[in-house]
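Text of data_10.txt (compact mmCIF, C-alpha atoms and all ligand atoms) as supplied:
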```
# COMPACT_ATOMS: atom_id res chain seq x y z
CA MET Z 683 -23.79 -12.17 -11.18
CA SER Z 684 -22.68 -9.44 -13.58
CA VAL Z 685 -19.03 -8.66 -14.00
CA LEU Z 686 -19.49 -5.35 -12.14
CA ASP Z 687 -21.08 -7.20 -9.21
CA ARG Z 688 -17.77 -8.98 -8.72
CA PHE Z 689 -16.19 -5.66 -7.68
CA ASP Z 690 -18.81 -5.07 -4.98
CA LEU Z 691 -17.40 -4.87 -1.43
CA THR Z 692 -20.67 -4.28 0.42
CA GLY Z 693 -20.35 -5.62 3.95
CA GLU Z 694 -16.59 -6.17 3.68
CA THR Z 695 -14.08 -4.46 5.95
CA ALA Z 696 -10.76 -3.04 4.78
CA ILE Z 697 -7.79 -1.72 6.76
CA VAL Z 698 -5.69 0.74 4.75
CA THR Z 699 -2.36 1.70 6.30
CA GLY Z 700 -1.33 5.23 5.38
CA GLY Z 701 -4.97 5.78 4.37
CA ASN Z 702 -4.90 9.43 5.45
CA ARG Z 703 -3.23 10.78 2.30
CA GLY Z 704 -1.64 10.06 -1.05
CA ILE Z 705 -2.10 6.64 -2.63
CA GLY Z 706 -3.55 5.19 0.58
CA TYR Z 707 -6.35 7.75 0.71
CA ALA Z 708 -7.24 7.16 -2.95
CA ILE Z 709 -7.35 3.40 -2.36
CA ALA Z 710 -9.49 3.86 0.77
CA GLU Z 711 -11.85 6.06 -1.22
CA GLY Z 712 -12.11 3.49 -4.01
CA LEU Z 713 -12.84 0.63 -1.62
CA ALA Z 714 -15.37 2.81 0.26
CA GLU Z 715 -17.15 3.67 -2.99
CA ALA Z 716 -17.42 -0.08 -3.64
CA GLY Z 717 -19.18 -0.48 -0.29
CA ALA Z 718 -16.45 -1.52 2.15
CA ASN Z 719 -16.16 -0.39 5.75
CA ILE Z 720 -12.83 1.43 6.00
CA VAL Z 721 -10.30 1.63 8.82
CA VAL Z 722 -7.66 4.31 8.21
CA ALA Z 723 -4.41 3.43 10.00
CA ASN Z 724 -1.54 5.91 10.01
CA ARG Z 725 0.69 7.64 12.52
CA ASP Z 726 -0.80 11.13 12.59
CA ALA Z 727 -4.08 10.88 14.52
CA GLU Z 728 -5.63 14.16 13.36
CA SER Z 729 -5.22 13.61 9.61
CA GLY Z 730 -6.37 10.00 10.05
CA ARG Z 731 -9.55 11.18 11.74
CA ASP Z 732 -10.10 13.84 9.07
CA ALA Z 733 -9.65 11.30 6.28
CA ALA Z 734 -12.08 8.84 7.90
CA ALA Z 735 -14.65 11.62 8.35
CA THR Z 736 -14.31 12.78 4.73
CA LEU Z 737 -14.65 9.23 3.45
CA ALA Z 738 -17.81 8.74 5.51
CA ASP Z 739 -19.22 12.04 4.22
CA GLU Z 740 -18.45 11.39 0.58
CA THR Z 741 -19.46 7.72 0.37
CA SER Z 742 -21.96 5.53 2.18
CA ALA Z 743 -19.10 3.75 3.96
CA GLU Z 744 -18.73 3.26 7.69
CA THR Z 745 -15.27 4.44 8.66
CA ARG Z 746 -12.92 4.49 11.61
CA ALA Z 747 -9.48 5.94 12.21
CA VAL Z 748 -7.02 4.11 14.43
CA ALA Z 749 -3.72 5.94 14.93
CA THR Z 750 -1.09 3.29 14.28
CA ASP Z 751 2.64 3.12 13.82
CA VAL Z 752 3.02 -0.02 11.71
CA THR Z 753 6.44 -0.73 13.22
CA ASP Z 754 4.89 -1.17 16.68
CA GLU Z 755 3.50 -4.70 16.98
CA ALA Z 756 1.33 -3.87 19.99
CA ALA Z 757 -0.21 -0.97 18.05
CA VAL Z 758 -0.84 -3.19 15.04
CA GLU Z 759 -2.49 -5.80 17.28
CA ALA Z 760 -4.68 -3.06 18.77
CA LEU Z 761 -5.57 -1.87 15.24
CA VAL Z 762 -6.83 -5.30 14.27
CA GLU Z 763 -8.70 -5.67 17.58
CA ALA Z 764 -10.38 -2.28 17.09
CA THR Z 765 -11.36 -3.27 13.55
CA VAL Z 766 -12.88 -6.55 14.69
CA GLU Z 767 -14.70 -4.77 17.51
CA ALA Z 768 -16.15 -2.19 15.12
CA PHE Z 769 -16.97 -4.39 12.13
CA GLY Z 770 -16.70 -8.04 13.18
CA GLY Z 771 -13.66 -9.02 11.12
CA VAL Z 772 -11.07 -8.06 8.51
CA ASP Z 773 -11.56 -8.96 4.84
CA VAL Z 774 -9.03 -6.72 3.14
CA LEU Z 775 -5.65 -5.39 4.28
CA VAL Z 776 -3.85 -2.79 2.20
CA ASN Z 777 -0.23 -2.45 3.32
CA ASN Z 778 0.41 0.98 1.88
CA ALA Z 779 2.37 2.89 4.58
CA GLY Z 780 5.85 3.73 3.38
CA ILE Z 781 8.74 6.18 3.35
CA ALA Z 782 11.61 6.96 0.99
CA ILE Z 783 14.81 8.81 1.95
CA SER Z 784 17.50 9.59 -0.60
CA THR Z 785 21.09 9.28 0.65
CA PRO Z 786 24.02 7.86 -1.33
CA ALA Z 787 24.62 4.22 -0.37
CA GLU Z 788 28.21 4.92 0.68
CA GLU Z 789 26.95 7.52 3.19
CA LYS Z 790 23.62 6.06 4.26
CA PRO Z 791 23.51 5.61 8.05
CA VAL Z 792 22.49 2.11 9.05
CA GLU Z 793 19.73 3.65 11.20
CA GLU Z 794 18.18 5.21 8.07
CA PHE Z 795 18.44 1.91 6.15
CA GLN Z 796 16.85 0.08 9.09
CA GLN Z 797 14.05 2.63 9.50
CA THR Z 798 13.01 2.24 5.86
CA LEU Z 799 12.93 -1.54 6.19
CA ASP Z 800 11.10 -1.30 9.52
CA ILE Z 801 8.26 0.74 8.02
CA ASN Z 802 8.07 -0.51 4.43
CA THR Z 803 8.71 -4.21 5.05
CA THR Z 804 8.44 -5.20 8.71
CA GLY Z 805 5.36 -2.98 9.09
CA ALA Z 806 3.69 -4.82 6.21
CA PHE Z 807 4.61 -8.17 7.78
CA LEU Z 808 3.21 -7.17 11.19
CA CYS Z 809 -0.07 -5.98 9.70
CA ALA Z 810 -0.33 -9.15 7.59
CA LYS Z 811 0.46 -11.32 10.62
CA HIS Z 812 -2.32 -9.88 12.78
CA ALA Z 813 -4.91 -9.27 10.05
CA GLY Z 814 -4.04 -12.72 8.67
CA ARG Z 815 -4.92 -14.36 11.99
CA GLU Z 816 -8.38 -12.83 11.79
CA MET Z 817 -8.76 -13.84 8.14
CA ILE Z 818 -7.77 -17.42 9.01
CA GLU Z 819 -10.43 -17.51 11.74
CA GLY Z 820 -12.94 -15.87 9.40
CA ASP Z 821 -13.64 -16.47 5.72
CA GLY Z 822 -10.20 -15.66 4.33
CA GLY Z 823 -9.48 -12.34 2.66
CA SER Z 824 -7.25 -10.31 0.40
CA ILE Z 825 -3.91 -8.76 1.35
CA ILE Z 826 -2.49 -6.12 -0.97
CA ASN Z 827 1.00 -4.72 -0.51
CA VAL Z 828 1.73 -1.40 -2.16
CA SER Z 829 5.21 -2.31 -3.33
CA SER Z 830 6.80 -0.37 -6.19
CA MET Z 831 8.40 -0.78 -9.57
CA SER Z 832 11.48 -0.15 -7.41
CA ALA Z 833 11.27 -3.84 -6.46
CA PHE Z 834 12.48 -4.60 -10.00
CA VAL Z 835 14.51 -1.63 -11.26
CA ALA Z 836 16.94 0.92 -9.82
CA ASN Z 837 15.64 4.36 -8.94
CA HIS Z 838 17.39 7.15 -10.76
CA PRO Z 839 18.71 9.66 -9.70
CA GLN Z 840 17.49 9.01 -6.14
CA LYS Z 841 19.87 7.17 -3.82
CA HIS Z 842 17.49 4.54 -2.53
CA ALA Z 843 19.44 1.44 -1.49
CA ASP Z 844 17.13 0.93 1.48
CA TYR Z 845 13.93 1.70 -0.43
CA GLN Z 846 14.78 -0.78 -3.22
CA ALA Z 847 15.68 -3.42 -0.63
CA SER Z 848 12.44 -2.83 1.27
CA LYS Z 849 10.27 -3.13 -1.83
CA GLY Z 850 12.20 -6.14 -3.15
CA ALA Z 851 11.57 -7.83 0.19
CA LEU Z 852 7.83 -7.26 -0.26
CA GLU Z 853 8.00 -9.48 -3.35
CA GLY Z 854 9.40 -12.34 -1.29
CA LEU Z 855 6.92 -11.72 1.53
CA LYS Z 856 4.06 -11.78 -0.98
CA VAL Z 857 4.89 -15.16 -2.51
CA GLN Z 858 5.50 -16.78 0.86
CA LEU Z 859 2.28 -15.50 2.46
CA ALA Z 860 0.30 -16.39 -0.68
CA SER Z 861 1.69 -19.93 -0.44
CA GLU Z 862 1.22 -20.39 3.32
CA TRP Z 863 -2.27 -18.92 3.44
CA ALA Z 864 -3.91 -20.15 0.21
CA GLU Z 865 -5.46 -23.01 2.17
CA HIS Z 866 -7.17 -20.41 4.39
CA GLY Z 867 -8.72 -18.57 1.46
CA ILE Z 868 -6.32 -15.63 1.75
CA ARG Z 869 -4.97 -14.14 -1.46
CA VAL Z 870 -1.84 -11.98 -1.35
CA ASN Z 871 -0.82 -9.68 -4.19
CA ASN Z 872 1.35 -6.62 -4.79
CA ILE Z 873 0.72 -3.36 -6.59
CA ASN Z 874 3.89 -1.91 -8.11
CA PRO Z 875 3.42 1.75 -9.00
CA GLY Z 876 5.80 3.93 -10.94
CA TYR Z 877 5.86 7.67 -10.23
CA VAL Z 878 2.64 8.83 -8.56
CA GLU Z 879 2.05 12.50 -7.69
CA THR Z 880 2.16 12.48 -3.86
CA ASP Z 881 4.18 14.01 -1.02
CA ILE Z 882 6.76 11.23 -1.32
CA LEU Z 883 8.07 12.60 -4.65
CA SER Z 884 10.79 15.21 -4.75
CA ASP Z 885 9.74 18.55 -6.27
CA ASP Z 886 13.20 19.07 -7.79
CA PRO Z 887 12.48 20.06 -11.43
CA ASP Z 888 15.53 18.24 -12.81
CA GLU Z 889 14.61 14.99 -11.09
CA ARG Z 890 11.01 15.27 -12.26
CA ARG Z 891 12.12 15.93 -15.86
CA THR Z 892 14.39 12.88 -15.69
CA TRP Z 893 11.51 10.65 -14.55
CA LEU Z 894 9.15 11.98 -17.21
CA ASP Z 895 11.79 11.37 -19.90
CA GLU Z 896 12.17 7.77 -18.72
CA MET Z 897 8.49 6.73 -18.89
CA LEU Z 898 6.38 5.92 -21.95
CA LEU Z 899 3.31 7.86 -20.82
CA ASP Z 900 4.61 11.38 -20.46
CA GLU Z 901 2.95 12.26 -17.15
CA PHE Z 902 2.94 11.21 -13.52
CA ALA Z 903 0.19 8.93 -12.28
CA GLN Z 904 -2.35 10.40 -9.88
CA PRO Z 905 -3.21 8.49 -6.69
CA GLU Z 906 -6.67 7.82 -8.13
CA ASP Z 907 -5.04 5.84 -10.96
CA VAL Z 908 -3.98 3.19 -8.44
CA ALA Z 909 -7.39 2.77 -6.77
CA PRO Z 910 -9.10 0.69 -9.51
CA LEU Z 911 -6.30 -1.89 -9.38
CA ALA Z 912 -6.60 -2.08 -5.59
CA LEU Z 913 -10.36 -2.59 -5.91
CA TYR Z 914 -9.78 -5.38 -8.42
CA LEU Z 915 -7.31 -7.14 -6.12
CA ALA Z 916 -9.50 -6.59 -3.03
CA SER Z 917 -12.65 -7.98 -4.58
CA ASP Z 918 -13.97 -11.23 -6.00
CA ALA Z 919 -13.14 -9.86 -9.45
CA SER Z 920 -9.63 -11.23 -8.81
CA SER Z 921 -10.71 -14.45 -7.08
CA TYR Z 922 -8.22 -16.54 -9.13
CA VAL Z 923 -5.31 -14.10 -8.65
CA THR Z 924 -2.78 -14.68 -5.90
CA GLY Z 925 0.98 -14.35 -5.46
CA THR Z 926 1.30 -11.87 -8.29
CA SER Z 927 2.59 -8.33 -8.76
CA VAL Z 928 0.97 -5.79 -11.05
CA LEU Z 929 2.98 -2.88 -12.43
CA ILE Z 930 1.17 0.41 -12.90
CA ASP Z 931 4.08 2.50 -14.10
CA GLY Z 932 3.20 4.33 -17.32
CA GLY Z 933 5.59 2.03 -19.17
CA TYR Z 934 8.63 3.11 -17.14
CA THR Z 935 10.06 -0.38 -16.77
CA VAL Z 936 9.90 -1.25 -20.49
CA GLN Z 937 12.02 1.75 -21.49
P1 LIG Z 1001 2.91 9.71 1.08
O1 LIG Z 1001 4.19 10.24 1.61
O2 LIG Z 1001 1.89 10.64 0.53
O3 LIG Z 1001 2.19 8.82 2.20
C1 LIG Z 1001 2.93 7.97 3.04
C2 LIG Z 1001 1.94 7.34 4.00
O4 LIG Z 1001 2.60 6.38 4.83
C3 LIG Z 1001 1.28 8.35 4.94
O5 LIG Z 1001 -0.08 8.07 5.02
C4 LIG Z 1001 1.98 8.09 6.27
O6 LIG Z 1001 1.18 8.39 7.38
C5 LIG Z 1001 2.20 6.59 6.16
N1 LIG Z 1001 3.24 6.13 7.07
C6 LIG Z 1001 4.57 6.37 7.00
N2 LIG Z 1001 5.20 5.76 8.03
C7 LIG Z 1001 4.24 5.12 8.75
C8 LIG Z 1001 4.27 4.32 9.92
N3 LIG Z 1001 5.42 4.03 10.57
N4 LIG Z 1001 3.09 3.82 10.39
C9 LIG Z 1001 1.92 4.10 9.75
N5 LIG Z 1001 1.84 4.86 8.64
C10 LIG Z 1001 2.98 5.37 8.15
O7 LIG Z 1001 3.36 8.64 -0.01
P2 LIG Z 1001 2.58 7.78 -1.12
O8 LIG Z 1001 1.12 7.89 -0.96
O9 LIG Z 1001 3.21 8.07 -2.40
O10 LIG Z 1001 3.08 6.32 -0.68
C11 LIG Z 1001 2.23 5.26 -0.34
C12 LIG Z 1001 2.94 3.96 -0.71
O11 LIG Z 1001 3.11 3.92 -2.12
C13 LIG Z 1001 4.33 3.81 -0.10
O12 LIG Z 1001 4.52 2.49 0.33
C14 LIG Z 1001 5.26 4.12 -1.27
O13 LIG Z 1001 6.50 3.49 -1.15
C15 LIG Z 1001 4.43 3.54 -2.41
N6 LIG Z 1001 4.81 4.03 -3.72
C16 LIG Z 1001 4.70 5.36 -4.02
C17 LIG Z 1001 5.08 5.82 -5.27
C18 LIG Z 1001 4.97 7.24 -5.68
O14 LIG Z 1001 5.54 7.62 -6.71
N7 LIG Z 1001 4.25 8.09 -4.96
C19 LIG Z 1001 5.63 4.90 -6.27
C20 LIG Z 1001 5.68 3.51 -5.85
C21 LIG Z 1001 5.29 3.11 -4.62
P3 LIG Z 1001 1.43 9.73 8.28
O15 LIG Z 1001 0.88 10.86 7.46
O16 LIG Z 1001 0.66 9.49 9.51
O17 LIG Z 1001 2.91 9.80 8.48
```
Please rewrite the model in this file as structure tokens.
Ligand code: NDP
Amino acid sequence: MSVLDRFDLTGETAIVTGGNRGIGYAIAEGLAEAGANIVVANRDAESGRDAAATLADETSAETRAVATDVTDEAAVEALVEATVEAFGGVDVLVNNAGIAISTPAEEKPVEEFQQTLDINTTGAFLCAKHAGREMIEGDGGSIINVSSMSAFVANHPQKHADYQASKGALEGLKVQLASEWAEHGIRVNNINPGYVETDILSDDPDERRTWLDEMLLDEFAQPEDVAPLALYLASDASSYVTGTSVLIDGGYTVQ
């Protein structure tokens, strides 16, 4: 087997939460190009369907869209059931869905704090729980959480107490799931991006200048820059990698 063959996902099935846009879409596209069947799972049904159709048009992948709010356990269970019905199992789960709301910690309503944790952390747990059950019954798999460099450093100047907490929690979730599920052939890893050009970023010029000044590579990442790392972690290329976190931050955290 050549080294490139180890990145091949032909016949594998991947669920990508938030796969309709931004980083999630780029990851879904990368996995589809490598041969995986793709299930796009996000809240907005229309953009999910559009993304699945575009992926099917532009690659040879089989795709589905299942409108899913990752905070709703029944919906997550239905997502995994629909995936198994369509493709026979789940091999890869990308927990990418996430939100970020900037409010100073001293003013942040507890409902806002809770909502961020519900989506960014509990949503990832629920998807891992139900996809993990299928992986345990099947041949194992790969779970990838799109965490953030915010798991390790403060965001500046955003007021992100809840976001940092939610991404920090994904680091603990990752090591625990990797430990509990290694015996089932399930690997669990995190991707920790820096600033990636998507809708989640503020378009305030002062904030953007601050971020650019604080990174080594003087430009924002594009969503497509994250996809190769996701493919590596999804595929046999990373068969000896579990319980780890990989920064892709343009050198932000070494400044
Ligand atoms: P976007 O705002 O472009 O996309 C967010 C995605 O999350 C959308 O697809 C959205 O779906 C989905 N989503 C939000 N809430 C839910 C929910 N309750 N259930 C299902 N899907 C949901 O942001 P990014 O692409 O930038 O973010 C993707 C991930 O990357 C996030 O976890 C984010 O924290 C992380 N990240 C991003 C960085 C960046 O600089 N961009 C840096 C580090 C990490 P819908 O359209 O249906 O609402």
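Near (2.9, 10.8, -17.7), the residues that fall inside 10 Å on the basis of all atoms listed in the file are Tyr877, Val878, Trp893, Leu894, Asp895, Glu896, Met897, Leu898, Leu899, Asp900, Glu901, Phe902, Ala903, Gln904, Asp931, Gly932, Gly933 and Tyr934 of chain Z.
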So, with all atoms listed in the file as the atoms that count, which of Z:Ala760, Z:Leu686, Z:Ala813, Z:Ala708 lies closest to ligand LIG 1001 (chain Z)? Z:Ala708
Go through segment 802-860 of chain Z residue by residue and, counting all atoms listed in the file, keep those with an atom at most 6 Å from segment 765-781 of chain Z; for each kept residue give the shortest atom pair and its distance in Å to one decimal, ordered by chain and increasing number, as JSON lines.
```
{"residue": "Z:Asn802", "atom": "CA", "partner": "Z:Gly780", "partner_atom": "CA", "distance": 4.9}
{"residue": "Z:Ala806", "atom": "CA", "partner": "Z:Asn777", "partner_atom": "CA", "distance": 5.4}
{"residue": "Z:Gly823", "atom": "CA", "partner": "Z:Asp773", "partner_atom": "CA", "distance": 4.5}
{"residue": "Z:Ser824", "atom": "CA", "partner": "Z:Val774", "partner_atom": "CA", "distance": 4.9}
{"residue": "Z:Ile825", "atom": "CA", "partner": "Z:Leu775", "partner_atom": "CA", "distance": 4.8}
{"residue": "Z:Ile826", "atom": "CA", "partner": "Z:Val776", "partner_atom": "CA", "distance": 4.8}
{"residue": "Z:Asn827", "atom": "CA", "partner": "Z:Asn777", "partner_atom": "CA", "distance": 4.6}
{"residue": "Z:Val828", "atom": "CA", "partner": "Z:Asn778", "partner_atom": "CA", "distance": 4.9}
```
Surroundings of ligand LIG 1001 (chain Z) up to 6 Å, based on only C-alpha atoms and all ligand atoms, as a ChimeraX atom specification: /Z:699-706,724-726,750-753,778-781,801,828-830,875-883
Using all atoms listed in the file, which of the listed residues (Z:Glu711, Z:Glu865, Z:Asp800, Z:Asp888) sits closest to Pro905 of chain Z?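 Checking each candidate against Pro905 of chain Z, we get Z:Glu711 as the closest.
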Nearby residues (only C-alpha atoms) at most 12 Å from Glu789 of chain Z, same-chain spacing under 4 positions excluded, as a PyMOL selection string: chain Z and resi 784-785+793-795+841-844
Counting only C-alpha atoms, the residue among Z:Arg815, Z:Arg891, Z:His838, Z:Arg746 that lies closest to Gly867 of chain Z is Z:Arg815
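With only C-alpha atoms as the atoms that count, the residue of Z:Ser684, Z:Thr736, Z:Thr798, Z:Ser832 with the shortest distance to Val722 of chain Z is Z:Thr736.
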Which value, in Å to one decimal, gives the distance between atom CA of Gly854 of chain Z and atom CA of Val870 of chain Z? 11.2 Å
One decimal, Å: what's the distance from atom CA of Asp907 of chain Z over to atom CA of Ile709 of chain Z, could you say? 9.2 Å
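Closest approach to Ala860 of chain Z among Z:Ala723, Z:Ala916, Z:Val762, Z:Val923 is made by Z:Val923 (distances from all atoms listed in the file).
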Taking the partial coordinates given, rebuild segment 788-799 of chain Z to contain all heavy atoms; return it as a PDB file, in the frame of the given file.
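Written output follows (out_37.pdb):
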```
ATOM      1  N   GLU Z 788      26.940   4.907  -0.054  1.00  0.00           N
ATOM      2  CA  GLU Z 788      28.210   4.920   0.680  1.00  0.00           C
ATOM      3  C   GLU Z 788      28.156   5.817   1.915  1.00  0.00           C
ATOM      4  O   GLU Z 788      29.050   5.769   2.759  1.00  0.00           O
ATOM      5  CB  GLU Z 788      29.377   5.311  -0.246  1.00  0.00           C
ATOM      6  CG  GLU Z 788      29.376   6.739  -0.753  1.00  0.00           C
ATOM      7  CD  GLU Z 788      28.523   6.933  -2.020  1.00  0.00           C
ATOM      8  OE1 GLU Z 788      27.661   6.086  -2.296  1.00  0.00           O
ATOM      9  OE2 GLU Z 788      28.731   7.952  -2.707  1.00  0.00           O
ATOM     10  N   GLU Z 789      27.087   6.628   2.023  1.00  0.00           N
ATOM     11  CA  GLU Z 789      26.950   7.520   3.190  1.00  0.00           C
ATOM     12  C   GLU Z 789      25.727   7.201   4.029  1.00  0.00           C
ATOM     13  O   GLU Z 789      25.508   7.800   5.088  1.00  0.00           O
ATOM     14  CB  GLU Z 789      26.835   8.983   2.705  1.00  0.00           C
ATOM     15  CG  GLU Z 789      28.093   9.518   2.071  1.00  0.00           C
ATOM     16  CD  GLU Z 789      27.846  10.822   1.307  1.00  0.00           C
ATOM     17  OE1 GLU Z 789      26.808  11.470   1.547  1.00  0.00           O
ATOM     18  OE2 GLU Z 789      28.689  11.151   0.458  1.00  0.00           O
ATOM     19  N   LYS Z 790      24.913   6.293   3.594  1.00  0.00           N
ATOM     20  CA  LYS Z 790      23.620   6.060   4.260  1.00  0.00           C
ATOM     21  C   LYS Z 790      23.832   5.477   5.659  1.00  0.00           C
ATOM     22  O   LYS Z 790      24.399   4.399   5.799  1.00  0.00           O
ATOM     23  CB  LYS Z 790      22.746   5.123   3.430  1.00  0.00           C
ATOM     24  CG  LYS Z 790      21.284   5.131   3.854  1.00  0.00           C
ATOM     25  CD  LYS Z 790      20.412   4.288   2.939  1.00  0.00           C
ATOM     26  CE  LYS Z 790      20.014   4.958   1.655  1.00  0.00           C
ATOM     27  NZ  LYS Z 790      18.946   5.970   1.812  1.00  0.00           N
ATOM     28  N   PRO Z 791      23.359   6.181   6.696  1.00  0.00           N
ATOM     29  CA  PRO Z 791      23.510   5.610   8.050  1.00  0.00           C
ATOM     30  C   PRO Z 791      22.690   4.330   8.175  1.00  0.00           C
ATOM     31  O   PRO Z 791      21.587   4.244   7.623  1.00  0.00           O
ATOM     32  CB  PRO Z 791      22.933   6.707   8.958  1.00  0.00           C
ATOM     33  CG  PRO Z 791      22.835   7.938   8.123  1.00  0.00           C
ATOM     34  CD  PRO Z 791      22.696   7.480   6.708  1.00  0.00           C
ATOM     35  N   VAL Z 792      23.205   3.380   8.914  1.00  0.00           N
ATOM     36  CA  VAL Z 792      22.490   2.110   9.050  1.00  0.00           C
ATOM     37  C   VAL Z 792      21.124   2.333   9.694  1.00  0.00           C
ATOM     38  O   VAL Z 792      20.156   1.620   9.392  1.00  0.00           O
ATOM     39  CB  VAL Z 792      23.342   1.077   9.819  1.00  0.00           C
ATOM     40  CG1 VAL Z 792      23.512   1.482  11.283  1.00  0.00           C
ATOM     41  CG2 VAL Z 792      22.728  -0.316   9.714  1.00  0.00           C
ATOM     42  N   GLU Z 793      21.019   3.365  10.545  1.00  0.00           N
ATOM     43  CA  GLU Z 793      19.730   3.650  11.200  1.00  0.00           C
ATOM     44  C   GLU Z 793      18.676   4.043  10.154  1.00  0.00           C
ATOM     45  O   GLU Z 793      17.503   3.688  10.284  1.00  0.00           O
ATOM     46  CB  GLU Z 793      19.864   4.797  12.215  1.00  0.00           C
ATOM     47  CG  GLU Z 793      20.727   4.471  13.427  1.00  0.00           C
ATOM     48  CD  GLU Z 793      22.224   4.568  13.159  1.00  0.00           C
ATOM     49  OE1 GLU Z 793      22.628   5.057  12.073  1.00  0.00           O
ATOM     50  OE2 GLU Z 793      23.004   4.132  14.033  1.00  0.00           O
ATOM     51  N   GLU Z 794      19.111   4.793   9.127  1.00  0.00           N
ATOM     52  CA  GLU Z 794      18.180   5.210   8.070  1.00  0.00           C
ATOM     53  C   GLU Z 794      17.750   3.986   7.243  1.00  0.00           C
ATOM     54  O   GLU Z 794      16.567   3.815   6.922  1.00  0.00           O
ATOM     55  CB  GLU Z 794      18.874   6.246   7.188  1.00  0.00           C
ATOM     56  CG  GLU Z 794      17.973   6.864   6.139  1.00  0.00           C
ATOM     57  CD  GLU Z 794      18.733   7.945   5.372  1.00  0.00           C
ATOM     58  OE1 GLU Z 794      19.151   8.947   5.993  1.00  0.00           O
ATOM     59  OE2 GLU Z 794      18.922   7.793   4.151  1.00  0.00           O
ATOM     60  N   PHE Z 795      18.730   3.146   6.908  1.00  0.00           N
ATOM     61  CA  PHE Z 795      18.440   1.910   6.150  1.00  0.00           C
ATOM     62  C   PHE Z 795      17.432   1.065   6.934  1.00  0.00           C
ATOM     63  O   PHE Z 795      16.431   0.584   6.397  1.00  0.00           O
ATOM     64  CB  PHE Z 795      19.747   1.146   5.940  1.00  0.00           C
ATOM     65  CG  PHE Z 795      19.620  -0.030   5.007  1.00  0.00           C
ATOM     66  CD1 PHE Z 795      19.899   0.099   3.660  1.00  0.00           C
ATOM     67  CD2 PHE Z 795      19.217  -1.275   5.494  1.00  0.00           C
ATOM     68  CE1 PHE Z 795      19.778  -0.994   2.799  1.00  0.00           C
ATOM     69  CE2 PHE Z 795      19.098  -2.361   4.645  1.00  0.00           C
ATOM     70  CZ  PHE Z 795      19.386  -2.223   3.291  1.00  0.00           C
ATOM     71  N   GLN Z 796      17.709   0.926   8.236  1.00  0.00           N
ATOM     72  CA  GLN Z 796      16.850   0.080   9.090  1.00  0.00           C
ATOM     73  C   GLN Z 796      15.451   0.660   9.212  1.00  0.00           C
ATOM     74  O   GLN Z 796      14.459  -0.078   9.179  1.00  0.00           O
ATOM     75  CB  GLN Z 796      17.488  -0.059  10.464  1.00  0.00           C
ATOM     76  CG  GLN Z 796      16.915  -1.187  11.300  1.00  0.00           C
ATOM     77  CD  GLN Z 796      17.124  -2.545  10.647  1.00  0.00           C
ATOM     78  OE1 GLN Z 796      18.257  -2.919  10.355  1.00  0.00           O
ATOM     79  NE2 GLN Z 796      16.048  -3.272  10.388  1.00  0.00           N
ATOM     80  N   GLN Z 797      15.363   1.990   9.348  1.00  0.00           N
ATOM     81  CA  GLN Z 797      14.050   2.630   9.500  1.00  0.00           C
ATOM     82  C   GLN Z 797      13.172   2.376   8.256  1.00  0.00           C
ATOM     83  O   GLN Z 797      11.969   2.096   8.381  1.00  0.00           O
ATOM     84  CB  GLN Z 797      14.218   4.148   9.693  1.00  0.00           C
ATOM     85  CG  GLN Z 797      12.897   4.858   9.928  1.00  0.00           C
ATOM     86  CD  GLN Z 797      13.008   6.377   9.785  1.00  0.00           C
ATOM     87  OE1 GLN Z 797      13.998   6.906   9.294  1.00  0.00           O
ATOM     88  NE2 GLN Z 797      11.985   7.078  10.224  1.00  0.00           N
ATOM     89  N   THR Z 798      13.779   2.473   7.091  1.00  0.00           N
ATOM     90  CA  THR Z 798      13.010   2.240   5.860  1.00  0.00           C
ATOM     91  C   THR Z 798      12.507   0.796   5.817  1.00  0.00           C
ATOM     92  O   THR Z 798      11.342   0.546   5.489  1.00  0.00           O
ATOM     93  CB  THR Z 798      13.881   2.564   4.631  1.00  0.00           C
ATOM     94  OG1 THR Z 798      14.337   3.909   4.749  1.00  0.00           O
ATOM     95  CG2 THR Z 798      13.094   2.405   3.344  1.00  0.00           C
ATOM     96  N   LEU Z 799      13.385  -0.144   6.172  1.00  0.00           N
ATOM     97  CA  LEU Z 799      12.930  -1.540   6.190  1.00  0.00           C
ATOM     98  C   LEU Z 799      11.889  -1.785   7.274  1.00  0.00           C
ATOM     99  O   LEU Z 799      10.943  -2.554   7.082  1.00  0.00           O
ATOM    100  CB  LEU Z 799      14.117  -2.501   6.337  1.00  0.00           C
ATOM    101  CG  LEU Z 799      14.613  -2.995   4.980  1.00  0.00           C
ATOM    102  CD1 LEU Z 799      15.512  -1.968   4.305  1.00  0.00           C
ATOM    103  CD2 LEU Z 799      15.316  -4.328   5.078  1.00  0.00           C
TER     104      LEU Z 799
END
```
